[in-house]
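**Student:** Got final_18.tsv for you, TSV, C-alpha atoms:
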chain	number	residue	atom	x	y	z
A	291	MET	CA	0.00	0.00	0.00
A	292	VAL	CA	1.26	3.41	-0.89
A	293	HIS	CA	0.43	4.91	2.52
A	294	ASP	CA	2.98	2.66	4.25
A	295	LEU	CA	5.89	3.41	1.92
A	296	PRO	CA	8.85	5.43	3.22
A	297	ILE	CA	8.55	7.82	0.31
A	298	GLY	CA	10.15	11.11	1.42
A	299	ARG	CA	13.75	9.89	1.19
A	300	ALA	CA	13.00	8.18	-2.11
A	301	LEU	CA	11.73	11.52	-3.43
A	302	LEU	CA	14.96	13.18	-2.28
A	303	ARG	CA	17.11	10.62	-4.10
A	304	PHE	CA	14.95	10.85	-7.24
A	305	ARG	CA	15.41	14.62	-7.27
A	306	ARG	CA	19.16	14.47	-6.70
A	307	LEU	CA	19.82	11.75	-9.26
A	308	ASN	CA	17.79	13.62	-11.87
A	309	GLY	CA	18.99	17.14	-11.05
A	310	ILE	CA	15.53	18.41	-10.14
A	311	LYS	CA	15.07	21.25	-7.66
A	312	GLN	CA	12.61	21.10	-4.77
A	313	GLY	CA	10.80	24.10	-6.22
A	314	HIS	CA	10.05	22.23	-9.42
A	315	ILE	CA	8.72	19.21	-7.52
A	316	ALA	CA	6.61	21.58	-5.43
A	317	GLU	CA	5.11	23.07	-8.61
A	318	VAL	CA	4.39	19.63	-10.08
A	319	LEU	CA	2.72	18.48	-6.84
A	320	ARG	CA	1.06	21.88	-6.22
A	321	VAL	CA	2.53	22.28	-2.73
A	322	SER	CA	5.05	24.61	-1.14
A	323	GLN	CA	8.77	23.99	-1.39
A	324	GLY	CA	8.74	23.79	2.42
A	325	SER	CA	6.36	20.82	2.24
A	326	VAL	CA	8.71	19.00	-0.12
A	327	SER	CA	11.63	19.77	2.21
A	328	ARG	CA	9.78	18.45	5.27
A	329	TRP	CA	8.76	15.25	3.43
A	330	GLU	CA	12.31	14.64	2.30
A	331	ASN	CA	13.88	15.16	5.73
A	332	GLY	CA	11.19	13.09	7.43
A	333	THR	CA	9.75	15.76	9.73
A	334	HIS	CA	6.35	15.46	8.04
A	335	ALA	CA	4.66	12.85	5.88
A	336	PRO	CA	2.58	13.65	2.81
A	337	ASP	CA	-1.13	12.93	2.91
A	338	GLU	CA	-2.48	9.94	0.98
A	339	ASP	CA	-3.24	11.92	-2.18
A	340	HIS	CA	0.27	13.37	-2.29
A	341	ARG	CA	1.82	9.97	-1.50
A	342	CYS	CA	0.04	8.52	-4.52
A	343	ARG	CA	1.15	11.42	-6.72
A	344	ILE	CA	4.76	11.13	-5.51
A	345	ALA	CA	4.74	7.37	-6.07
A	346	ALA	CA	3.47	7.86	-9.62
A	347	LEU	CA	6.14	10.50	-10.25
A	348	ILE	CA	9.12	8.51	-8.96
A	349	ALA	CA	8.02	4.95	-9.75
A	350	ALA	CA	10.51	2.97	-11.78
A	351	HIS	CA	9.45	1.09	-14.89
A	352	ALA	CA	11.59	-1.59	-16.49
A	353	ASP	CA	9.44	-1.98	-19.57
A	354	ASN	CA	11.68	-0.25	-22.11
A	355	ASP	CA	14.51	-1.48	-24.32
A	356	GLY	CA	17.12	0.04	-22.02
A	357	ASP	CA	16.22	-2.39	-19.24
A	358	ALA	CA	15.67	-5.49	-21.39
A	359	ALA	CA	19.03	-7.04	-20.51
A	360	LEU	CA	18.51	-6.51	-16.78
A	361	LYS	CA	15.03	-8.04	-16.91
A	362	ARG	CA	16.38	-10.97	-18.95
A	363	LEU	CA	19.09	-11.57	-16.32
A	364	ILE	CA	16.51	-11.52	-13.53
A	365	THR	CA	13.93	-13.70	-15.31
A	366	SER	CA	16.52	-16.30	-16.36
A	367	SER	CA	18.41	-16.47	-13.06
A	368	THR	CA	18.53	-19.77	-11.19
A	369	LEU	CA	18.67	-17.81	-7.92
A	370	ALA	CA	15.63	-16.67	-5.98
A	371	VAL	CA	15.78	-13.05	-7.12
A	372	HIS	CA	13.41	-10.26	-8.04
A	373	LEU	CA	13.57	-6.63	-9.15
A	374	VAL	CA	11.37	-3.94	-7.63
A	375	CYS	CA	11.19	-0.18	-7.86
A	376	ASP	CA	13.35	0.98	-4.96
A	377	ALA	CA	10.90	3.76	-4.10
A	378	THR	CA	7.53	1.98	-4.39
A	379	HIS	CA	8.45	-1.72	-4.14
A	380	VAL	CA	6.43	-2.40	-7.29
A	381	LEU	CA	7.50	-5.74	-8.78
A	382	LEU	CA	9.24	-5.31	-12.14
A	383	ALA	CA	10.67	-8.83	-12.75
A	384	ALA	CA	11.18	-12.13	-10.94
A	385	SER	CA	13.23	-15.27	-11.50
A	386	PRO	CA	11.42	-18.59	-12.01
A	387	SER	CA	12.52	-19.83	-8.57
A	388	ARG	CA	11.17	-16.68	-6.90
A	389	ALA	CA	7.96	-16.67	-8.97
A	390	ALA	CA	7.31	-20.33	-8.10
A	391	ASN	CA	6.53	-19.18	-4.55
A	392	PHE	CA	4.12	-16.43	-5.62
A	393	LYS	CA	0.45	-17.35	-5.67
A	394	GLY	CA	-0.49	-17.01	-9.34
A	395	GLY	CA	3.18	-16.71	-10.39
A	396	ALA	CA	5.06	-13.51	-11.16
A	397	ASP	CA	2.53	-12.28	-13.72
A	398	ALA	CA	-0.11	-11.97	-11.00
A	399	HIS	CA	2.10	-9.52	-9.12
A	400	ILE	CA	4.03	-7.60	-11.80
A	401	GLY	CA	3.13	-3.92	-11.50
A	402	THR	CA	1.94	-4.18	-7.89
A	403	SER	CA	3.77	-3.24	-4.71
A	404	LEU	CA	5.19	-6.09	-2.64
A	405	TRP	CA	5.47	-3.79	0.38
A	406	ARG	CA	2.39	-5.27	2.07
A	407	TYR	CA	4.19	-8.65	2.18
A	408	ALA	CA	7.23	-7.36	4.05
A	409	SER	CA	8.28	-9.30	7.14
A	410	PRO	CA	8.99	-7.41	10.38
A	411	GLU	CA	12.72	-7.75	9.64
A	412	ILE	CA	12.27	-6.28	6.15
A	413	LEU	CA	10.34	-3.35	7.64
A	414	GLU	CA	13.14	-2.83	10.15
A	415	ALA	CA	15.86	-3.01	7.48
A	416	GLU	CA	13.93	-0.53	5.30
A	417	ALA	CA	13.59	1.87	8.25
A	418	MET	CA	17.37	1.86	8.72
A	419	LEU	CA	18.15	2.68	5.07
A	420	ALA	CA	17.80	6.44	5.45
A	421	ASP	CA	20.43	6.60	8.19
A	422	SER	CA	22.82	4.47	6.12
A	423	GLY	CA	22.82	6.93	3.20
A	424	TRP	CA	20.84	4.54	0.98
A	425	PHE	CA	18.75	7.33	-0.52
A	426	GLU	CA	21.63	9.76	-0.92
A	427	ARG	CA	23.50	7.97	-3.70
A	428	PRO	CA	23.11	5.14	-6.20
A	429	PHE	CA	24.78	1.72	-6.07
A	430	GLN	CA	23.92	0.68	-2.55
A	431	ALA	CA	23.94	-2.83	-1.10
A	432	CYS	CA	23.09	-4.44	2.22
A	433	SER	CA	22.43	-7.93	3.57
A	434	PHE	CA	20.30	-8.97	6.54
A	435	LEU	CA	18.44	-11.91	8.05
A	436	THR	CA	14.68	-12.00	7.73
A	437	GLY	CA	12.02	-14.13	9.31
A	438	ALA	CA	8.79	-15.33	7.76
A	439	ASN	CA	5.92	-13.04	6.83
A	440	GLY	CA	3.09	-15.59	7.15
A	441	SER	CA	1.70	-14.83	3.69
A	442	GLU	CA	0.54	-17.53	1.31
A	443	ASP	CA	0.31	-15.09	-1.62
A	444	VAL	CA	3.92	-13.86	-1.54
A	445	PRO	CA	5.70	-15.81	1.18
A	446	VAL	CA	8.92	-14.62	2.77
A	447	ARG	CA	10.79	-17.43	4.45
A	448	PRO	CA	13.54	-17.15	7.06
A	449	SER	CA	16.65	-16.37	5.02
A	450	LEU	CA	19.68	-14.21	4.40
A	451	VAL	CA	18.66	-11.50	1.93
A	452	ARG	CA	20.75	-9.10	-0.14
A	453	TRP	CA	19.42	-5.79	-1.48
A	454	GLU	CA	21.30	-3.98	-4.25
A	455	THR	CA	20.28	-0.84	-6.09
A	456	VAL	CA	20.60	-0.58	-9.83
A	457	PRO	CA	19.95	2.47	-12.03
A	458	LEU	CA	17.23	1.94	-14.61
A	459	ALA	CA	17.01	3.45	-18.08
A	460	ASP	CA	14.23	5.86	-17.08
A	461	GLY	CA	16.49	7.51	-14.47
A	462	ARG	CA	14.79	5.81	-11.56
A	463	VAL	CA	16.33	3.23	-9.21
A	464	GLY	CA	15.53	-0.46	-9.01
A	465	ARG	CA	16.30	-2.83	-6.15
A	466	VAL	CA	17.48	-6.35	-6.82
A	467	THR	CA	16.49	-8.64	-3.95
A	468	THR	CA	18.31	-11.96	-3.73
A	469	THR	CA	17.81	-14.78	-1.26
A	470	LEU	CA	21.37	-15.85	-0.46
A	471	SER	CA	20.52	-18.73	1.89
A	472	SER	CA	17.49	-20.12	3.67
A	473	HIS	CA	17.33	-20.66	7.40
A	474	ALA	CA	14.84	-23.03	8.96
Before anything else, please render the file you have as structure tokens.
**Tutor:**
Amino acid sequence: MVHDLPIGRALLRFRRLNGIKQGHIAEVLRVSQGSVSRWENGTHAPDEDHRCRIAALIAAHADNDGDAALKRLITSSTLAVHLVCDATHVLLAASPSRAANFKGGADAHIGTSLWRYASPEILEAEAMLADSGWFERPFQACSFLTGANGSEDVPVRPSLVRWETVPLADGRVGRVTTTLSSHA
């Protein structure tokens, strides 16, 4: 769900990576530059309407020729791996071994946010990204242990997970999520 996404820092990174000033974002979203500043530094959160508009503005899409090789690598990988938009967690591609665990396969979830399936450990890791500089620069990576999420639709099992950011052709940032090892 968009209302749960940590979107302010993602907006900041989107702006910086694309050379866009806060004032321009404020004009596009029809808010004050101060509002954009407060969202980005985390002192205030945008309302639901603005969250949706920000998500639409910064959402990554890997459906162009520039990202074809990346998607092919993901969808042909033997590892349990998937690609999401780093800002919205919308699923862009998944390997066969990852998709085999998704109810309805990958096609049932492409274009939708996986955020609602996050385990408590994933939520905690995401909350720590801002302090680590994750949203300040591209090419980030981190690994952590996660527990289960209890979902039958998109299950997360206890495992060691690696997140890595990757720039996409549209100027947005994707996140490659790889299960490195499972823990029972």
**Student:** From the set A:Ala408, A:Val446, A:Val463, A:Val326, which residue has the shortest atom-to-atom contact distance to Arg303 (chain A), counting only C-alpha atoms?
**Tutor:**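 Counting only C-alpha atoms, the residue closest to Arg303 (chain A) is A:Val463.
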**Student:** Would you kindly return, as a list in words, each protein, DNA or RNA residue with an atom no farther than 8 Å from any atom of Ile344 (chain A), considering only C-alpha atoms and excluding same-chain residues fewer than 4 positions away?
**Tutor:** Ile297, Leu301, Leu319, His340 and Ile348 of chain A
**Student:** So which one's closest to His351 (chain A), A:Leu373, A:Leu307, A:Pro410, A:Leu470? Using all atoms listed in the file, please.
**Tutor:**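 For His351 (chain A), the nearest of the given residues is A:Leu373.
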**Student:** Work out how far CA of His379 (chain A) is from CA of Leu404 (chain A), in Å to one decimal.
**Tutor:**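 If I compute the distance from CA of Leu404 (chain A) to CA of His379 (chain A), I get 5.7 Å.
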**Student:** For Ala335 (chain A), find every residue with an atom within 9 Å (counting only C-alpha atoms), except residues of its own chain fewer than 6 positions away, and show them as a PyMOL selection string.
**Tutor:** chain A and resi 296-298+325+328-329+341
**Student:** Print the selection's residues with C-alpha atoms to a file, as an mmCIF file, keeping the file's coordinate frame.
**Tutor:**
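Once written, again_29.cif looks like this:
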data_model
loop_
_atom_site.group_PDB
_atom_site.id
_atom_site.type_symbol
_atom_site.label_atom_id
_atom_site.label_comp_id
_atom_site.auth_asym_id
_atom_site.auth_seq_id
_atom_site.Cartn_x
_atom_site.Cartn_y
_atom_site.Cartn_z
ATOM 1 C CA PRO A 296 8.850 5.430 3.220
ATOM 2 C CA ILE A 297 8.550 7.820 0.310
ATOM 3 C CA GLY A 298 10.150 11.110 1.420
ATOM 4 C CA SER A 325 6.360 20.820 2.240
ATOM 5 C CA ARG A 328 9.780 18.450 5.270
ATOM 6 C CA TRP A 329 8.760 15.250 3.430
ATOM 7 C CA ARG A 341 1.820 9.970 -1.500
#
**Student:** Report as a list in words all protein, DNA and RNA residues lying within 12 Å of Trp424 (chain A), evaluated on all atoms listed in the file, omitting residues in the same chain fewer than 5 positions from it.
**Tutor:** Arg299, Ala300, Leu302, Arg303, Phe304, Asp376, Ala377, Ala415, Glu416, Ala417, Met418, Leu419, Phe429, Gln430, Ala431, Cys432, Trp453, Glu454, Thr455, Val456, Val463 and Arg465 of chain A
**Student:** With distances taken over only C-alpha atoms, which residue among A:Arg305, A:His372, A:Arg343, A:Arg452 lies nearest Gly464 (chain A)?
**Tutor:**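 Among A:Arg305, A:His372, A:Arg343, A:Arg452, it is A:His372 that comes nearest to Gly464 (chain A).
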**Student:** In Å to one decimal, how far is CA of Ala389 (chain A) from CA of Ser367 (chain A)?
**Tutor:**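 Answer for the CA of Ser367 (chain A) to CA of Ala389 (chain A) separation: 11.2 Å.
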**Student:** Using only C-alpha atoms, which of the listed residues (A:His334, A:Arg388, A:Arg462, A:His473) sits closest to Asp357 (chain A)?
**Tutor:** A:Arg462
**Student:** Could you rebuild region 388-399 of chain A with all heavy atoms and give it back as a PDB file, in the coordinates of the input?
**Tutor:**
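The resulting file, selection05.pdb, is shown below:
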ATOM      1  N   ARG A 388      11.910 -17.611  -7.769  1.00  0.00           N
ATOM      2  CA  ARG A 388      11.170 -16.680  -6.900  1.00  0.00           C
ATOM      3  C   ARG A 388       9.674 -16.736  -7.244  1.00  0.00           C
ATOM      4  O   ARG A 388       8.831 -16.842  -6.373  1.00  0.00           O
ATOM      5  CB  ARG A 388      11.689 -15.258  -7.073  1.00  0.00           C
ATOM      6  CG  ARG A 388      10.901 -14.218  -6.317  1.00  0.00           C
ATOM      7  CD  ARG A 388      11.166 -14.209  -4.820  1.00  0.00           C
ATOM      8  NE  ARG A 388      12.375 -13.476  -4.583  1.00  0.00           N
ATOM      9  CZ  ARG A 388      13.306 -13.838  -3.708  1.00  0.00           C
ATOM     10  NH1 ARG A 388      13.147 -14.898  -2.960  1.00  0.00           N
ATOM     11  NH2 ARG A 388      14.397 -13.127  -3.562  1.00  0.00           N
ATOM     12  N   ALA A 389       9.362 -16.688  -8.533  1.00  0.00           N
ATOM     13  CA  ALA A 389       7.960 -16.670  -8.970  1.00  0.00           C
ATOM     14  C   ALA A 389       7.221 -17.948  -8.591  1.00  0.00           C
ATOM     15  O   ALA A 389       6.001 -17.920  -8.392  1.00  0.00           O
ATOM     16  CB  ALA A 389       7.894 -16.450 -10.472  1.00  0.00           C
ATOM     17  N   ALA A 390       7.940 -19.059  -8.466  1.00  0.00           N
ATOM     18  CA  ALA A 390       7.310 -20.330  -8.100  1.00  0.00           C
ATOM     19  C   ALA A 390       6.652 -20.254  -6.729  1.00  0.00           C
ATOM     20  O   ALA A 390       5.698 -20.995  -6.452  1.00  0.00           O
ATOM     21  CB  ALA A 390       8.342 -21.448  -8.132  1.00  0.00           C
ATOM     22  N   ASN A 391       7.117 -19.340  -5.880  1.00  0.00           N
ATOM     23  CA  ASN A 391       6.530 -19.180  -4.550  1.00  0.00           C
ATOM     24  C   ASN A 391       5.367 -18.203  -4.513  1.00  0.00           C
ATOM     25  O   ASN A 391       4.662 -18.120  -3.526  1.00  0.00           O
ATOM     26  CB  ASN A 391       7.606 -18.722  -3.561  1.00  0.00           C
ATOM     27  CG  ASN A 391       8.671 -19.762  -3.359  1.00  0.00           C
ATOM     28  OD1 ASN A 391       8.380 -20.932  -3.192  1.00  0.00           O
ATOM     29  ND2 ASN A 391       9.920 -19.337  -3.388  1.00  0.00           N
ATOM     30  N   PHE A 392       5.191 -17.425  -5.575  1.00  0.00           N
ATOM     31  CA  PHE A 392       4.120 -16.430  -5.620  1.00  0.00           C
ATOM     32  C   PHE A 392       2.810 -17.099  -6.018  1.00  0.00           C
ATOM     33  O   PHE A 392       2.762 -17.804  -7.026  1.00  0.00           O
ATOM     34  CB  PHE A 392       4.419 -15.349  -6.656  1.00  0.00           C
ATOM     35  CG  PHE A 392       5.558 -14.421  -6.333  1.00  0.00           C
ATOM     36  CD1 PHE A 392       5.970 -13.489  -7.263  1.00  0.00           C
ATOM     37  CD2 PHE A 392       6.220 -14.457  -5.118  1.00  0.00           C
ATOM     38  CE1 PHE A 392       7.009 -12.616  -6.993  1.00  0.00           C
ATOM     39  CE2 PHE A 392       7.265 -13.593  -4.833  1.00  0.00           C
ATOM     40  CZ  PHE A 392       7.665 -12.663  -5.775  1.00  0.00           C
ATOM     41  N   LYS A 393       1.769 -16.849  -5.281  1.00  0.00           N
ATOM     42  CA  LYS A 393       0.450 -17.350  -5.670  1.00  0.00           C
ATOM     43  C   LYS A 393       0.065 -16.708  -7.000  1.00  0.00           C
ATOM     44  O   LYS A 393       0.044 -15.494  -7.124  1.00  0.00           O
ATOM     45  CB  LYS A 393      -0.588 -17.019  -4.595  1.00  0.00           C
ATOM     46  CG  LYS A 393      -1.950 -17.616  -4.859  1.00  0.00           C
ATOM     47  CD  LYS A 393      -2.882 -17.324  -3.705  1.00  0.00           C
ATOM     48  CE  LYS A 393      -4.209 -18.012  -3.907  1.00  0.00           C
ATOM     49  NZ  LYS A 393      -5.088 -17.737  -2.763  1.00  0.00           N
ATOM     50  N   GLY A 394      -0.155 -17.517  -8.020  1.00  0.00           N
ATOM     51  CA  GLY A 394      -0.490 -17.010  -9.340  1.00  0.00           C
ATOM     52  C   GLY A 394       0.744 -16.710 -10.186  1.00  0.00           C
ATOM     53  O   GLY A 394       0.610 -16.218 -11.302  1.00  0.00           O
ATOM     54  N   GLY A 395       1.951 -16.975  -9.649  1.00  0.00           N
ATOM     55  CA  GLY A 395       3.180 -16.710 -10.390  1.00  0.00           C
ATOM     56  C   GLY A 395       3.514 -15.229 -10.422  1.00  0.00           C
ATOM     57  O   GLY A 395       2.809 -14.391  -9.867  1.00  0.00           O
ATOM     58  N   ALA A 396       4.600 -14.905 -11.096  1.00  0.00           N
ATOM     59  CA  ALA A 396       5.060 -13.510 -11.160  1.00  0.00           C
ATOM     60  C   ALA A 396       4.061 -12.614 -11.871  1.00  0.00           C
ATOM     61  O   ALA A 396       3.841 -11.474 -11.458  1.00  0.00           O
ATOM     62  CB  ALA A 396       6.418 -13.429 -11.838  1.00  0.00           C
ATOM     63  N   ASP A 397       3.445 -13.113 -12.936  1.00  0.00           N
ATOM     64  CA  ASP A 397       2.530 -12.280 -13.720  1.00  0.00           C
ATOM     65  C   ASP A 397       1.385 -11.716 -12.887  1.00  0.00           C
ATOM     66  O   ASP A 397       0.887 -10.627 -13.168  1.00  0.00           O
ATOM     67  CB  ASP A 397       1.975 -13.045 -14.916  1.00  0.00           C
ATOM     68  CG  ASP A 397       3.025 -13.291 -15.987  1.00  0.00           C
ATOM     69  OD1 ASP A 397       4.078 -12.617 -15.956  1.00  0.00           O
ATOM     70  OD2 ASP A 397       2.791 -14.156 -16.849  1.00  0.00           O
ATOM     71  N   ALA A 398       0.978 -12.445 -11.862  1.00  0.00           N
ATOM     72  CA  ALA A 398      -0.110 -11.970 -11.000  1.00  0.00           C
ATOM     73  C   ALA A 398       0.306 -10.791 -10.137  1.00  0.00           C
ATOM     74  O   ALA A 398      -0.550 -10.086  -9.591  1.00  0.00           O
ATOM     75  CB  ALA A 398      -0.603 -13.113 -10.117  1.00  0.00           C
ATOM     76  N   HIS A 399       1.624 -10.563 -10.022  1.00  0.00           N
ATOM     77  CA  HIS A 399       2.100  -9.520  -9.120  1.00  0.00           C
ATOM     78  C   HIS A 399       2.926  -8.429  -9.811  1.00  0.00           C
ATOM     79  O   HIS A 399       3.214  -7.406  -9.181  1.00  0.00           O
ATOM     80  CB  HIS A 399       2.921 -10.155  -8.002  1.00  0.00           C
ATOM     81  CG  HIS A 399       2.125 -11.135  -7.200  1.00  0.00           C
ATOM     82  ND1 HIS A 399       1.232 -10.754  -6.234  1.00  0.00           N
ATOM     83  CD2 HIS A 399       2.046 -12.483  -7.261  1.00  0.00           C
ATOM     84  CE1 HIS A 399       0.655 -11.816  -5.728  1.00  0.00           C
ATOM     85  NE2 HIS A 399       1.134 -12.879  -6.329  1.00  0.00           N
TER      86      HIS A 399
END
